[in-house]
Amino acid sequence: MANRLIFPPPSLAAVSPFIPPVAPRRPHVTELHGDRWEDDYFWLRDRADPAVTAYLAAENAYADGILTPTKALQEQLYREMLGRIKETDVSVPYRFGDFWYYHRTQEGLQYPIYCRKRTSLDAPELVLLDLNQLAEGHPFLSLGAMSVSNDGRLLAYSTDTTGYREFTLVVQDLESGAQVAGPILKTGAIAWAADNATLFYAVEDDAKRFHQIWRTMVGGGSTPELVFEDRDERFRVHVAPTRSRKHLLVESESHTTTEIHCLPAAAPRTPLRLLVPRVAGREAEVDHLGEGWLLRVNDTGPGFRVVLLPGEDAQESDWVELLPHREQVSVEGVDAFAGYWVAWERSAGLVQIRVTDRLSGTSRYVPLDEPVYEAGPGPNPEWDTPVLRFGYESPVTPLSVFDYDLASGTKVLLKQREIPGGFDPARYGCERLAIPAEDGTPIPVSLVYRRDPPVPRPAPLLLTGYGAYRIPLPVGFSSNRVSLLERGVVIALAHVRGGGELGKRWHDAGRMAFKHRSFSDFTDVAEALIRDGFTEPRRLAIEGGSAGGLLVTAALNRRPELFGAVVAHVPFVDVVNTMLDTSLPLTVGEFEEWGNPAIPEQYGWLKQYCPYTNLTRRPYPAMLVRTSLHDSQVMFWEPAKYVARQRALRTDANPLLLVTNMGAGHGGASGRYDRLREIALDYAFLLWQLGRWQPEA
């Protein structure tokens, strides 16, 4: 029977005659701080070498052969997940100026269509941008920045058709349909001035660092002008309008420090004025209050406080504290409106929305009740508005869009994502655990499971994590995940140190010299879940992507016996070699996250946990490793080298599969149907290895 439970899953030899490809060894010697090592697979870095693409193709063919018995299961999973998506759907419209904006999807089409209606929702639809048309002839499409001029006449947008996150900017006249500016290469953030003709945009350098802000007059025939440049390779620049539309902000930030300039939107050729000076270790965010500025800053503690800047020339001695730093709360963001301001906080790892009346100074919190959930701002472009739009979801509550009345404190549900065929949240449970790390620190763990019928223990369990860049691991709703839950798989999300669940202090406790804590937290969580009877090693799979891929592969090197299967998406596994190469995208800027191996002490940190460097001859669990040829965040050769080296060292017959998307980037396939196919493959592999499926005899 195809779905009969079986433990352990069949070995590689039992299901396939395929022979894994072997990457030739071509030693490359590196010497640093008295260490000398040979990297046999350094040659895989050369994307232009036919031998490299041939090797990747051979790995793809091998993986396809091994997974051939799961093809029917993949198709079943794909159809299930597709059946939970309302393929023809429309977002909740929002007002900006004279128009209502929204996007919609259409059955059979891979990408959304961006639209608007003038004045009334009953007006005829005007299509702004149909990504399906832009994607014609390309295996990949990603929309970068998109901004309509304040008068609604011009649309500036950027797209990437390779996955390398190299965006090309054009400007279209929405009345005539003509392209009136561009193409402008390697662009990032964009912002319109009040004259509806002057456009500011960020440009990246060869290392994909946004280092310059330029200004151009659309349709004026003028030569673009450089407005700002940051030559410090740790910093990235950004430009954005304030919600009041009175100012433009030019921000330069590293992982630990912020500098902010402003200029009047009505006078776009005015020289930049320094609003928040650069002070090492001080991070800041501002929004215009109409009179003065709202500033979020971590000058008195890692949880940030909120202060009022009376004007552009205000000195620090003029700052007026509106919300003090609090030990157990982190202010993650601020938004200013004509009559109110909003602080987006995290307390005990959960989002809190604090709304303050500007006239009275009184504050209230928006009620959010589940034990595990996500909440965040929706589109709120209007300055003078009576409502705050926000999104809310949890592991058992589909994405819900609310309008919160700023005066009365009431919220109205505008739309909850529809799950075709129905979804009964009562059938599923979610809870938050606190698992002590080796040093006694409680690590939050979010648990999601099927409640009805209950799942017997020890259960198959998928443990995921991230733990970097002060980014919280999302705990929102996934209709795709239901296919695992319905098959008795428990989902656990480990909120390890290095992430942002408990603010900057939590991040600092898992980066640089303390990065090893992310990995020990993860293995401590795994051990506790086994010890407490939730699962057992052969039924425990781990999954992570990018920095989360580093997390799971570093944890695997520490304790391979804890895990039955691993799925690693675009994993950052070649840490030492990548951080030595300052020509690569992101490297220099990320010295403040991981460390600089040119410094002996910091080299020691990296070498201690680098997954590629620390592979040894021993058994490893079954692994599925994914990468993309055009990934600019984690270059494809890191996962490729990792698999090649592990294949040469491992002493078992468990599957080790490398799957490379030859036409995508860091996020994998861009089309929604193509993406579902990738998820179906991952889930089929997991269900096979967790014993929830076996090949036909």
# chains A, B, ... in the order shown; residues from 1 in each chain; ligands from 1

$ closest_atom_pairs --of "region 127-170 of chain A" --to "region 176-188 of chain A" --cutoff "10 Å" --atoms "only C-alpha atoms" --output "CSV"
residue,atom,partner,partner_atom,distance
A:Leu128,CA,A:Gly177,CA,9.6
A:Gly144,CA,A:Gly188,CA,7.3
A:Ala145,CA,A:Gly188,CA,6.7
A:Arg153,CA,A:Ser176,CA,9.5
A:Leu154,CA,A:Val180,CA,8.8
A:Leu155,CA,A:Gln179,CA,9.4
A:Ala156,CA,A:Ala181,CA,8.7
A:Tyr157,CA,A:Gly188,CA,9.8
A:Ser158,CA,A:Thr187,CA,7.5
A:Thr159,CA,A:Thr187,CA,9.4
A:Asp160,CA,A:Lys186,CA,9.5
A:Arg165,CA,A:Lys186,CA,8.6
A:Glu166,CA,A:Lys186,CA,5.3
A:Phe167,CA,A:Lys186,CA,5.2
A:Thr168,CA,A:Leu185,CA,4.6
A:Leu169,CA,A:Ile184,CA,4.9
A:Val170,CA,A:Gly182,CA,4.4

$ select_by_dssp --residues "region 132-327 of chain A" --states "strand (DSSP E or B)" --output "PyMOL selection string"
chain A and resi 142-148+154-160+167-173+179-192+198-204+210-217+225-229+236-241+247-253+258-264+273-276+284-288+293-297+305-309+320-323

$ residues_around --residues "Leu562 (chain A)" --least-positions-apart "6" --cutoff "10 Å" --atoms "only C-alpha atoms" --output "list in words"
Thr523, Ala526, Glu527, Ile530, Glu536, Pro537, Arg538, Arg539, Leu540, Ala541, Ile542, Ala555, Leu556 and Pro621 of chain A

$ residues_around --residues "Arg505 (chain A)" --least-positions-apart "4" --cutoff "8 Å" --atoms "only C-alpha atoms" --output "PyMOL selection string"
chain A and resi 302-303+509

$ write_last_selection --atoms "N, CA and C atoms" --output "short mmCIF file (atom, residue, chain, number, x, y, z; two decimals), in the first residue's frame"
data_model
loop_
_atom_site.label_atom_id
_atom_site.label_comp_id
_atom_site.auth_asym_id
_atom_site.auth_seq_id
_atom_site.Cartn_x
_atom_site.Cartn_y
_atom_site.Cartn_z
N PRO A 302 18.74 48.45 24.04
CA PRO A 302 18.57 47.66 22.81
C PRO A 302 17.12 47.52 22.37
N GLY A 303 16.14 47.82 23.25
CA GLY A 303 14.74 47.69 22.88
C GLY A 303 14.18 48.90 22.17
N ALA A 509 22.65 38.16 20.98
CA ALA A 509 23.04 36.94 21.70
C ALA A 509 23.30 35.78 20.77
#

$ closest_residue --among "A:Asp173, A:Asp318, A:Asp313, A:Glu251" --to "Gly219 (chain A)" --atoms "only C-alpha atoms"
A:Asp173

$ select_by_dssp --residues "region 337-556 of chain A" --states "alpha helix (DSSP H)" --output "compact mmCIF listing (two decimals) with C-alpha atoms, in the first residue's frame"
# COMPACT_ATOMS: atom_id res chain seq x y z
CA VAL A 482 -2.10 21.31 5.99
CA SER A 483 -0.93 18.49 3.70
CA LEU A 484 1.70 17.60 6.30
CA LEU A 485 -0.57 18.14 9.31
CA GLY A 503 14.39 42.13 19.89
CA LYS A 504 17.93 43.34 19.40
CA ARG A 505 19.20 41.69 22.57
CA TRP A 506 18.05 38.32 21.21
CA HIS A 507 19.82 39.05 17.93
CA ASP A 508 23.06 40.13 19.61
CA HIS A 516 27.34 29.21 18.03
CA ARG A 517 24.36 29.73 20.36
CA SER A 518 21.96 29.63 17.41
CA PHE A 519 23.11 26.10 16.62
CA SER A 520 23.21 24.85 20.21
CA ASP A 521 19.74 26.33 20.81
CA PHE A 522 18.46 24.37 17.83
CA THR A 523 19.96 21.06 18.94
CA ASP A 524 18.78 21.71 22.53
CA VAL A 525 15.23 22.15 21.20
CA ALA A 526 15.54 18.94 19.18
CA GLU A 527 16.80 17.01 22.20
CA ALA A 528 13.96 18.32 24.37
CA LEU A 529 11.31 17.39 21.82
CA ILE A 530 12.75 13.87 21.75
CA ARG A 531 13.16 13.67 25.54
CA ALA A 547 20.75 31.55 7.05
CA GLY A 548 18.27 28.91 8.22
CA GLY A 549 20.10 26.49 5.93
CA LEU A 550 23.28 27.35 7.79
CA LEU A 551 21.41 26.71 11.04
CA VAL A 552 20.27 23.19 10.14
CA THR A 553 23.54 22.10 8.51
CA ALA A 554 25.65 23.43 11.40
CA ALA A 555 23.31 21.67 13.83
CA LEU A 556 23.67 18.53 11.71

$ closest_residue --among "A:Ala375, A:Ala348, A:Met81, A:Leu462" --to "Pro420 (chain A)" --atoms "only C-alpha atoms"
A:Met81

$ residues_around --residues "Asn298 (chain A)" --least-positions-apart "3" --cutoff "9 Å" --atoms "only C-alpha atoms" --output "list in words"
Gly281, Arg282, Glu283, Ala284, Gly301, Pro302, Gly303, Phe304, Arg305, Val306 and His325 of chain A

$ write_last_selection --atoms "C-alpha atoms" --output "CSV table (one decimal), in the first residue's frame"
chain,number,residue,atom,x,y,z
A,281,GLY,CA,26.1,51.3,17.0
A,282,ARG,CA,23.1,53.6,16.9
A,283,GLU,CA,20.1,52.5,14.8
A,284,ALA,CA,17.2,54.8,14.0
A,301,GLY,CA,18.8,50.5,25.3
A,302,PRO,CA,18.6,47.7,22.8
A,303,GLY,CA,14.7,47.7,22.9
A,304,PHE,CA,14.6,51.2,21.4
A,305,ARG,CA,12.6,54.2,22.6
A,306,VAL,CA,10.5,56.8,20.7
A,325,HIS,CA,13.0,52.1,26.5

$ closest_residue --among "A:Pro456, A:Gly488, A:Gly589, A:Gly361" --to "Gly533 (chain A)" --atoms "only C-alpha atoms"
A:Pro456

$ atom_distance --atom1 "CA of His28 (chain A)" --atom2 "CA of Leu56 (chain A)"
20.1 Å

$ closest_residue --among "A:Gln602, A:Thr582, A:Thr616, A:Ser394" --to "His33 (chain A)" --atoms "only C-alpha atoms"
A:Gln602

$ residues_around --residues "Phe402 (chain A)" --least-positions-apart "4" --cutoff "9 Å" --atoms "only C-alpha atoms" --output "list in words"
Gly378, Leu388, Arg389, Phe390, Gly391, Tyr392, Lys411, Val412, Leu413, Leu414, Lys415 and Gln416 of chain A

$ residues_around --residues "Ser149 (chain A)" --least-positions-apart "5" --cutoff "10 Å" --atoms "only C-alpha atoms" --output "count of residues only"
12

$ atom_distance --atom1 "CA of Leu690 (chain A)" --atom2 "CA of Arg450 (chain A)"
16.4 Å

$ closest_residue --among "A:Leu586, A:Leu606, A:Val320, A:Ala265" --to "Ala513 (chain A)" --atoms "only C-alpha atoms"
A:Leu606

$ atom_distance --atom1 "CA of Gly333 (chain A)" --atom2 "CA of Gly97 (chain A)"
24.6 Å

$ closest_residue --among "A:Glu80, A:Glu312, A:Asp39, A:Asp122" --to "His247 (chain A)" --atoms "only C-alpha atoms"
A:Glu312

$ decode --residues "region 233-245 of chain A" --atoms "N, CA and C atoms" --output "short mmCIF file (atom, residue, chain, number, x, y, z; two decimals), in the first residue's frame"
data_model
loop_
_atom_site.label_atom_id
_atom_site.label_comp_id
_atom_site.auth_asym_id
_atom_site.auth_seq_id
_atom_site.Cartn_x
_atom_site.Cartn_y
_atom_site.Cartn_z
N GLU A 233 31.65 50.39 2.61
CA GLU A 233 31.08 49.17 2.05
C GLU A 233 30.18 48.41 3.02
N ARG A 234 30.13 48.84 4.26
CA ARG A 234 29.21 48.21 5.22
C ARG A 234 27.79 48.75 5.08
N PHE A 235 27.62 49.89 4.39
CA PHE A 235 26.35 50.59 4.40
C PHE A 235 25.62 50.46 3.07
N ARG A 236 24.28 50.43 3.16
CA ARG A 236 23.39 50.38 2.01
C ARG A 236 22.46 51.59 2.09
N VAL A 237 22.14 52.18 0.93
CA VAL A 237 21.32 53.39 0.91
C VAL A 237 19.91 53.09 0.41
N HIS A 238 19.00 53.95 0.80
CA HIS A 238 17.58 53.76 0.50
C HIS A 238 16.95 55.14 0.39
N VAL A 239 15.91 55.27 -0.44
CA VAL A 239 15.17 56.52 -0.54
C VAL A 239 13.68 56.23 -0.46
N ALA A 240 12.93 57.10 0.22
CA ALA A 240 11.49 56.89 0.38
C ALA A 240 10.82 58.22 0.72
N PRO A 241 9.56 58.39 0.32
CA PRO A 241 8.80 59.57 0.75
C PRO A 241 8.24 59.36 2.15
N THR A 242 8.03 60.43 2.89
CA THR A 242 7.28 60.31 4.14
C THR A 242 5.79 60.19 3.80
N ARG A 243 5.03 59.66 4.75
CA ARG A 243 3.59 59.50 4.50
C ARG A 243 2.91 60.85 4.32
N SER A 244 3.45 61.88 4.96
CA SER A 244 2.89 63.22 4.81
C SER A 244 3.12 63.79 3.42
N ARG A 245 4.02 63.15 2.64
CA ARG A 245 4.41 63.60 1.30
C ARG A 245 5.10 64.96 1.32
#
